[in-house]
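*Asks:* I have a structure here, written as structure tokens, and I will follow up with some questions on it.
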Amino acid sequence: ISTAPSGPRPRATEVMAVSSQVFHTLFLKTDGSLWAMGLNANGQLGDNSTTSASTPEMIVGSGVVAICAGDTYSLFLKDDGTVWGMGGNSYGQLGDGTTTDSLVPQASLLNGVVAVAAGYDYSLALKADGTLWSVGSNFAGQLGNGTYTDQTTPAPVTDLVQAVSAGGFSSFYLAPPLPIFTIAATTHAAEPSTNGSFTLTRTGNLADAVEVFLSLSGNATSGVDFAIPASVTIPAGDASASFPVTVIDDNDIEGLEGVIITLTADAAYLLGS
């Protein structure tokens with residue numbers, strides 16, 4: 001007498017990644033093949049039918065490096081950087097420039113991609129150059145393009161992105177840590193005629209030029225006792241930039257006056273990105 005083993009039974013072997021939505025599941029094997037099972041009402045399994053499958057079936061034989069299951073569709077990334085999709089496409093979430101469902105894998109308009117994410121009728125793609133692209137439904141602003149308008153053609157959203165994730169109706173991405181800025185006096189200024197300077201220094205990402213805005217305090221009065229620029233730009237590739245403190249001689253004897261220069265909170269902007 002033999003008995004079947006208890007517990008879950010293996011459905012696929014040599015699997016390196018799994019992506020599952022409510023009604024269908026994708027498997028990526030170590031040989032680069034893509035397998036799928038589950039509900040197939042919109043063709044999301046990619047087997048050229050709308051017949052659901054209770055066991056995994058191979059959809060693509062090789063060359064797949066990443067997979068992502070959407071609500072009624074599926075995405076996968078090939079080793080040549082192209083993104084492919086199958087299933088529901090009513091909002092253009094397959095990224096092929098149409099709103100036509102596809103029962104078989106269909107190439108999107110994206111290339112140079114290193115990661116994909118699928119949400120509820122919308123898709124995200126991260127390119128090798130760090131740019132984030134989005135396509136599909138946008139009723140909650142999940143495409144990040146400043147509108148609530150759906151789009152059938154992938155469009156860039158931002159850059160300097162390291163990773164992406166799509167929720168049901170929200171998107172998230174990982175960006176490099178913001179640079180840390182410090183400011184210090186390099187020479188002191190005093191009436192009647194001695195000008196001074198400060199140096200603004202950053203650590204972290206130095207690749208882009210950045211404009212940093214300044215705020216003032218102290219018992220000296222800007223525009224009466226001294227003048228400084230409202231903002232300072234650190235050039236791309238540089239870790240620091242100096243800026244002048246110009247003394248204004250008001251012909252009054254006021255004793256020692258101080259200037260405290262700080263960085264305006266949340267007011268550093270990348271230039272040219």
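Chain identifiers are assigned as A, B, and so on, following the order in which chains appear in the structure tokens; residues are numbered from 1 within each chain, and ligands are numbered from 1 in order of appearance.
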Compile the contact shell of Thr13 in chain A as a short mmCIF file (atom, residue, chain, number, x, y, z; two decimals) with C-alpha atoms, in the first residue's frame: residues with an atom at most 10 Å away, counting only C-alpha atoms, same-chain residues fewer than 3 positions apart removed.

*Replies:*
```cif
data_model
loop_
_atom_site.label_atom_id
_atom_site.label_comp_id
_atom_site.auth_asym_id
_atom_site.auth_seq_id
_atom_site.Cartn_x
_atom_site.Cartn_y
_atom_site.Cartn_z
CA PRO A 10 6.17 20.58 -6.36
CA MET A 16 15.02 30.81 -9.81
CA PHE A 27 8.02 30.87 -13.07
CA LEU A 28 11.52 31.66 -14.34
CA LYS A 29 13.81 28.64 -14.55
CA THR A 30 17.58 28.61 -14.34
#
```

*Asks:* Which residues in range 110-155 of chain A does DSSP call strand (DSSP E or B)? List them as a list in words.

*Replies:*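 DSSP on the backbone gives strand (DSSP E or B) at Val113, Val114, Ala115, Val116, Ala117, Ala118, Tyr122, Ser123, Leu124, Ala125, Leu126, Lys127, Leu132, Trp133, Ser134, Val135, Gly136, Gln151, Thr152, Thr153, Pro154 and Ala155 of chain A.
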
*Asks:* Please identify all polymer residues within 9 Å of Val60 in chain A, counting only C-alpha atoms, omitting same-chain residues fewer than 3 positions from it, and present them as a PyMOL selection string.

*Replies:* chain A and resi 32-35+46+63-64+105

*Asks:* So how far away is CA of Val113 in chain A from CA of Leu126 in chain A, in Å?

*Replies:*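 Distance reported for this atom pair: 5.6 Å.
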
*Asks:* Excluding Gly130 in chain A and any residue of its chain fewer than 3 positions from it, enumerate the residues within 9 Å of it, using only C-alpha atoms, and give them as a list in words.

*Replies:*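 Result of the neighbour search: Leu126, Lys127, Thr158, Asp159, Leu160, Val161, Gln162 and Ala163 of chain A.
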
*Asks:* Write out the residues from the selection above, keeping N, CA, C and O atoms, as a PDB file, in the first residue's frame.

*Replies:*
```pdb
ATOM      1  N   LEU A 126      12.835  50.091 -15.571  1.00  0.00           N
ATOM      2  CA  LEU A 126      14.067  50.782 -15.208  1.00  0.00           C
ATOM      3  C   LEU A 126      15.110  50.480 -16.261  1.00  0.00           C
ATOM      4  O   LEU A 126      15.419  49.306 -16.517  1.00  0.00           O
ATOM      5  N   LYS A 127      15.632  51.523 -16.894  1.00  0.00           N
ATOM      6  CA  LYS A 127      16.638  51.333 -17.934  1.00  0.00           C
ATOM      7  C   LYS A 127      18.047  51.332 -17.334  1.00  0.00           C
ATOM      8  O   LYS A 127      18.264  51.783 -16.205  1.00  0.00           O
ATOM      9  N   THR A 158      11.694  59.925 -14.517  1.00  0.00           N
ATOM     10  CA  THR A 158      12.793  60.548 -13.776  1.00  0.00           C
ATOM     11  C   THR A 158      14.056  59.747 -14.027  1.00  0.00           C
ATOM     12  O   THR A 158      14.038  58.733 -14.726  1.00  0.00           O
ATOM     13  N   ASP A 159      15.170  60.209 -13.442  1.00  0.00           N
ATOM     14  CA  ASP A 159      16.430  59.504 -13.623  1.00  0.00           C
ATOM     15  C   ASP A 159      17.089  59.254 -12.274  1.00  0.00           C
ATOM     16  O   ASP A 159      16.478  59.463 -11.228  1.00  0.00           O
ATOM     17  N   LEU A 160      18.307  58.756 -12.295  1.00  0.00           N
ATOM     18  CA  LEU A 160      19.062  58.416 -11.090  1.00  0.00           C
ATOM     19  C   LEU A 160      18.326  57.383 -10.239  1.00  0.00           C
ATOM     20  O   LEU A 160      18.412  57.384  -9.012  1.00  0.00           O
ATOM     21  N   VAL A 161      17.601  56.462 -10.901  1.00  0.00           N
ATOM     22  CA  VAL A 161      16.819  55.449 -10.202  1.00  0.00           C
ATOM     23  C   VAL A 161      17.633  54.162 -10.095  1.00  0.00           C
ATOM     24  O   VAL A 161      18.330  53.773 -11.035  1.00  0.00           O
ATOM     25  N   GLN A 162      17.524  53.482  -8.951  1.00  0.00           N
ATOM     26  CA  GLN A 162      18.265  52.246  -8.716  1.00  0.00           C
ATOM     27  C   GLN A 162      17.381  51.009  -8.674  1.00  0.00           C
ATOM     28  O   GLN A 162      17.857  49.909  -8.951  1.00  0.00           O
ATOM     29  N   ALA A 163      16.101  51.165  -8.329  1.00  0.00           N
ATOM     30  CA  ALA A 163      15.184  50.032  -8.265  1.00  0.00           C
ATOM     31  C   ALA A 163      13.757  50.553  -8.362  1.00  0.00           C
ATOM     32  O   ALA A 163      13.492  51.716  -8.033  1.00  0.00           O
TER      33      ALA A 163
END
```

*Asks:* So the first atom is CA of Ile183 in chain A and the second is CA of Asn219 in chain A; what is the distance between them in Å, to one decimal place?

*Replies:* 18.9 Å

*Asks:* What does the structure give for the distance between CA of Asp238 in chain A and CA of Thr201 in chain A, in Å to one decimal?

*Replies:*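 These atoms are spaced 9.0 Å apart.
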
*Asks:* Residues of range 112-207 of chain A that have any atom at most 7 Å from an atom of range 66-80 of chain A: could you tabulate them with the shortest-distance atom pair and the distance in Å to one decimal, using only C-alpha atoms, ordered by chain and increasing number, as a Markdown table?

*Replies:*
```
| residue | atom | partner | partner_atom | distance |
| --- | --- | --- | --- | --- |
| A:Val116 | CA | A:Cys68 | CA | 6.9 |
| A:Ala117 | CA | A:Cys68 | CA | 6.0 |
| A:Ala118 | CA | A:Gly70 | CA | 4.9 |
| A:Gly119 | CA | A:Gly70 | CA | 5.6 |
| A:Tyr120 | CA | A:Asp71 | CA | 5.5 |
| A:Asp121 | CA | A:Asp71 | CA | 6.7 |
```

*Asks:* Which residues come within 7 Å of Ser123 in chain A, counting only C-alpha atoms, excluding same-chain residues fewer than 6 positions away, as a VMD selection string?

*Replies:* chain A and resid 93 117 134 to 136

*Asks:* Considering only C-alpha atoms, return as a tab-separated table (two decimals) with C-alpha atoms, in the first residue's frame whatever protein or nucleic-acid residues lie within 9 Å of Gly97 in chain A, sequence-local ones (same chain, fewer than 6 positions apart) excluded.

*Replies:*
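The resulting file, out-v9.tsv, is reproduced below:
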```tsv
chain	number	residue	atom	x	y	z
A	108	SER	CA	6.99	46.44	-26.11
A	109	LEU	CA	8.55	49.69	-27.27
A	151	GLN	CA	-0.73	56.52	-21.84
A	152	THR	CA	-0.15	53.67	-24.28
A	153	THR	CA	3.43	54.61	-25.13
A	154	PRO	CA	6.18	54.30	-22.50
```

*Asks:* Which residue is closest to Ile248 in chain A? Choose from A:Ser217, A:Ser231, A:Asn195, A:Ser20 and count only C-alpha atoms.

*Replies:*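 Ranking A:Ser217, A:Ser231, A:Asn195, A:Ser20 by distance to Ile248 in chain A, first place goes to A:Asn195.
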
*Asks:* Tell me which protein, DNA and RNA residues are within 9 Å of Asn40 in chain A, counting only C-alpha atoms, leaving out same-chain ones fewer than 2 positions away, and put them as a PDB file with all heavy atoms, in the first residue's frame.

*Replies:*
```
ATOM      1  N   PHE A  23      -4.688  35.466  -9.663  1.00  0.00           N
ATOM      2  CA  PHE A  23      -5.188  34.290 -10.364  1.00  0.00           C
ATOM      3  C   PHE A  23      -4.185  33.620 -11.301  1.00  0.00           C
ATOM      4  O   PHE A  23      -4.530  32.651 -11.955  1.00  0.00           O
ATOM      5  CB  PHE A  23      -6.447  34.654 -11.164  1.00  0.00           C
ATOM      6  CG  PHE A  23      -7.590  35.127 -10.313  1.00  0.00           C
ATOM      7  CD1 PHE A  23      -8.041  36.434 -10.396  1.00  0.00           C
ATOM      8  CD2 PHE A  23      -8.211  34.267  -9.412  1.00  0.00           C
ATOM      9  CE1 PHE A  23      -9.098  36.879  -9.606  1.00  0.00           C
ATOM     10  CE2 PHE A  23      -9.260  34.696  -8.623  1.00  0.00           C
ATOM     11  CZ  PHE A  23      -9.708  36.008  -8.716  1.00  0.00           C
ATOM     12  N   HIS A  24      -2.973  34.120 -11.426  1.00  0.00           N
ATOM     13  CA  HIS A  24      -1.999  33.417 -12.271  1.00  0.00           C
ATOM     14  C   HIS A  24      -0.590  33.608 -11.726  1.00  0.00           C
ATOM     15  O   HIS A  24      -0.318  34.549 -10.972  1.00  0.00           O
ATOM     16  CB  HIS A  24      -2.104  33.854 -13.734  1.00  0.00           C
ATOM     17  CG  HIS A  24      -1.491  35.181 -14.047  1.00  0.00           C
ATOM     18  ND1 HIS A  24      -2.041  36.382 -13.641  1.00  0.00           N
ATOM     19  CD2 HIS A  24      -0.369  35.508 -14.753  1.00  0.00           C
ATOM     20  CE1 HIS A  24      -1.298  37.386 -14.085  1.00  0.00           C
ATOM     21  NE2 HIS A  24      -0.269  36.885 -14.750  1.00  0.00           N
ATOM     22  N   MET A  37       1.034  29.423 -15.243  1.00  0.00           N
ATOM     23  CA  MET A  37      -0.144  28.616 -14.922  1.00  0.00           C
ATOM     24  C   MET A  37      -1.196  29.514 -14.271  1.00  0.00           C
ATOM     25  O   MET A  37      -0.892  30.610 -13.804  1.00  0.00           O
ATOM     26  CB  MET A  37       0.219  27.470 -13.975  1.00  0.00           C
ATOM     27  CG  MET A  37       0.740  27.919 -12.622  1.00  0.00           C
ATOM     28  SD  MET A  37       1.180  26.549 -11.516  1.00  0.00           S
ATOM     29  CE  MET A  37      -0.449  25.888 -11.150  1.00  0.00           C
ATOM     30  N   GLY A  38      -2.449  29.027 -14.274  1.00  0.00           N
ATOM     31  CA  GLY A  38      -3.526  29.753 -13.628  1.00  0.00           C
ATOM     32  C   GLY A  38      -4.570  30.262 -14.596  1.00  0.00           C
ATOM     33  O   GLY A  38      -4.699  29.767 -15.726  1.00  0.00           O
ATOM     34  N   ASN A  42      -7.614  36.590 -20.124  1.00  0.00           N
ATOM     35  CA  ASN A  42      -7.137  37.656 -21.005  1.00  0.00           C
ATOM     36  C   ASN A  42      -5.891  37.271 -21.797  1.00  0.00           C
ATOM     37  O   ASN A  42      -5.278  38.116 -22.439  1.00  0.00           O
ATOM     38  CB  ASN A  42      -6.814  38.909 -20.185  1.00  0.00           C
ATOM     39  CG  ASN A  42      -8.039  39.510 -19.541  1.00  0.00           C
ATOM     40  OD1 ASN A  42      -8.375  39.161 -18.407  1.00  0.00           O
ATOM     41  ND2 ASN A  42      -8.724  40.394 -20.244  1.00  0.00           N
ATOM     42  N   GLY A  43      -5.524  36.000 -21.724  1.00  0.00           N
ATOM     43  CA  GLY A  43      -4.324  35.564 -22.424  1.00  0.00           C
ATOM     44  C   GLY A  43      -3.053  35.832 -21.655  1.00  0.00           C
ATOM     45  O   GLY A  43      -1.963  35.798 -22.223  1.00  0.00           O
ATOM     46  N   GLN A  44      -3.155  36.054 -20.344  1.00  0.00           N
ATOM     47  CA  GLN A  44      -1.987  36.434 -19.549  1.00  0.00           C
ATOM     48  C   GLN A  44      -0.949  35.322 -19.421  1.00  0.00           C
ATOM     49  O   GLN A  44       0.193  35.592 -19.041  1.00  0.00           O
ATOM     50  CB  GLN A  44      -2.403  36.918 -18.164  1.00  0.00           C
ATOM     51  CG  GLN A  44      -3.273  35.969 -17.353  1.00  0.00           C
ATOM     52  CD  GLN A  44      -4.746  36.287 -17.464  1.00  0.00           C
ATOM     53  OE1 GLN A  44      -5.283  36.398 -18.563  1.00  0.00           O
ATOM     54  NE2 GLN A  44      -5.404  36.425 -16.322  1.00  0.00           N
ATOM     55  N   LEU A  45      -1.328  34.081 -19.747  1.00  0.00           N
ATOM     56  CA  LEU A  45      -0.344  33.002 -19.730  1.00  0.00           C
ATOM     57  C   LEU A  45       0.526  33.003 -20.982  1.00  0.00           C
ATOM     58  O   LEU A  45       1.602  32.395 -20.998  1.00  0.00           O
ATOM     59  CB  LEU A  45      -1.027  31.638 -19.580  1.00  0.00           C
ATOM     60  CG  LEU A  45      -1.877  31.435 -18.316  1.00  0.00           C
ATOM     61  CD1 LEU A  45      -2.313  29.981 -18.224  1.00  0.00           C
ATOM     62  CD2 LEU A  45      -1.134  31.863 -17.062  1.00  0.00           C
ATOM     63  N   GLY A  46       0.045  33.640 -22.049  1.00  0.00           N
ATOM     64  CA  GLY A  46       0.846  33.767 -23.256  1.00  0.00           C
ATOM     65  C   GLY A  46       0.951  32.522 -24.094  1.00  0.00           C
ATOM     66  O   GLY A  46       1.887  32.383 -24.894  1.00  0.00           O
ATOM     67  N   ASP A  47      -0.009  31.600 -23.972  1.00  0.00           N
ATOM     68  CA  ASP A  47       0.064  30.336 -24.717  1.00  0.00           C
ATOM     69  C   ASP A  47      -0.848  30.315 -25.939  1.00  0.00           C
ATOM     70  O   ASP A  47      -1.202  29.253 -26.447  1.00  0.00           O
ATOM     71  CB  ASP A  47      -0.273  29.161 -23.799  1.00  0.00           C
ATOM     72  CG  ASP A  47      -1.712  29.226 -23.270  1.00  0.00           C
ATOM     73  OD1 ASP A  47      -2.412  30.237 -23.533  1.00  0.00           O
ATOM     74  OD2 ASP A  47      -2.133  28.284 -22.579  1.00  0.00           O
ATOM     75  N   SER A  49      -3.973  31.175 -26.166  1.00  0.00           N
ATOM     76  CA  SER A  49      -5.331  30.729 -25.869  1.00  0.00           C
ATOM     77  C   SER A  49      -5.869  31.539 -24.697  1.00  0.00           C
ATOM     78  O   SER A  49      -5.156  32.370 -24.118  1.00  0.00           O
ATOM     79  CB  SER A  49      -5.357  29.235 -25.519  1.00  0.00           C
ATOM     80  OG  SER A  49      -4.928  29.019 -24.181  1.00  0.00           O
ATOM     81  N   THR A  50      -7.128  31.294 -24.373  1.00  0.00           N
ATOM     82  CA  THR A  50      -7.717  31.857 -23.155  1.00  0.00           C
ATOM     83  C   THR A  50      -8.151  30.729 -22.218  1.00  0.00           C
ATOM     84  O   THR A  50      -9.021  30.902 -21.379  1.00  0.00           O
ATOM     85  CB  THR A  50      -8.917  32.766 -23.485  1.00  0.00           C
ATOM     86  OG1 THR A  50      -9.861  32.028 -24.273  1.00  0.00           O
ATOM     87  CG2 THR A  50      -8.468  34.007 -24.236  1.00  0.00           C
ATOM     88  N   THR A  51      -7.511  29.585 -22.374  1.00  0.00           N
ATOM     89  CA  THR A  51      -7.802  28.422 -21.550  1.00  0.00           C
ATOM     90  C   THR A  51      -6.887  28.409 -20.340  1.00  0.00           C
ATOM     91  O   THR A  51      -5.658  28.483 -20.469  1.00  0.00           O
ATOM     92  CB  THR A  51      -7.606  27.124 -22.353  1.00  0.00           C
ATOM     93  OG1 THR A  51      -8.441  27.143 -23.511  1.00  0.00           O
ATOM     94  CG2 THR A  51      -7.953  25.911 -21.502  1.00  0.00           C
ATOM     95  N   SER A  52      -7.471  28.332 -19.179  1.00  0.00           N
ATOM     96  CA  SER A  52      -6.669  28.312 -17.958  1.00  0.00           C
ATOM     97  C   SER A  52      -5.873  27.021 -17.854  1.00  0.00           C
ATOM     98  O   SER A  52      -6.209  26.005 -18.470  1.00  0.00           O
ATOM     99  CB  SER A  52      -7.578  28.468 -16.737  1.00  0.00           C
ATOM    100  OG  SER A  52      -8.268  29.703 -16.786  1.00  0.00           O
ATOM    101  N   ALA A  53      -4.780  27.069 -17.083  1.00  0.00           N
ATOM    102  CA  ALA A  53      -3.898  25.908 -16.939  1.00  0.00           C
ATOM    103  C   ALA A  53      -3.700  25.597 -15.465  1.00  0.00           C
ATOM    104  O   ALA A  53      -3.384  26.482 -14.674  1.00  0.00           O
ATOM    105  CB  ALA A  53      -2.552  26.181 -17.604  1.00  0.00           C
ATOM    106  N   THR A  72      -4.104  41.338 -14.978  1.00  0.00           N
ATOM    107  CA  THR A  72      -4.639  40.522 -16.070  1.00  0.00           C
ATOM    108  C   THR A  72      -3.618  40.368 -17.194  1.00  0.00           C
ATOM    109  O   THR A  72      -3.980  40.043 -18.310  1.00  0.00           O
ATOM    110  CB  THR A  72      -5.923  41.152 -16.646  1.00  0.00           C
ATOM    111  OG1 THR A  72      -5.596  42.461 -17.182  1.00  0.00           O
ATOM    112  CG2 THR A  72      -6.993  41.292 -15.594  1.00  0.00           C
ATOM    113  N   GLY A  87      -1.404  39.302 -22.532  1.00  0.00           N
ATOM    114  CA  GLY A  87      -2.609  39.397 -21.733  1.00  0.00           C
ATOM    115  C   GLY A  87      -3.349  40.704 -21.940  1.00  0.00           C
ATOM    116  O   GLY A  87      -3.300  41.309 -23.018  1.00  0.00           O
TER     117      GLY A  87
END
```

*Asks:* Between A:Ala155, A:Ala128, A:Ala166, A:Leu39, single out the one closest to Gly95 in chain A, counting only C-alpha atoms.

*Replies:*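 So, comparing all the options, the nearest one is A:Ala155.
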
*Asks:* Kindly indicate which residue among A:Gly112, A:Ile234, A:Leu174, A:Tyr91 lies nearest to Leu143 in chain A, using only C-alpha atoms for the distances.

*Replies:*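 Answer, going by the shortest atom-to-atom distance: A:Tyr91.
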
*Asks:* Compare A:Ala227, A:Ala220, A:Trp133, A:Ser242 by their minimum atom-to-atom distance to Thr199 in chain A, counting only C-alpha atoms, and give me the closest one.

*Replies:*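 Closest to Thr199 in chain A, using only C-alpha atoms: A:Ser242.
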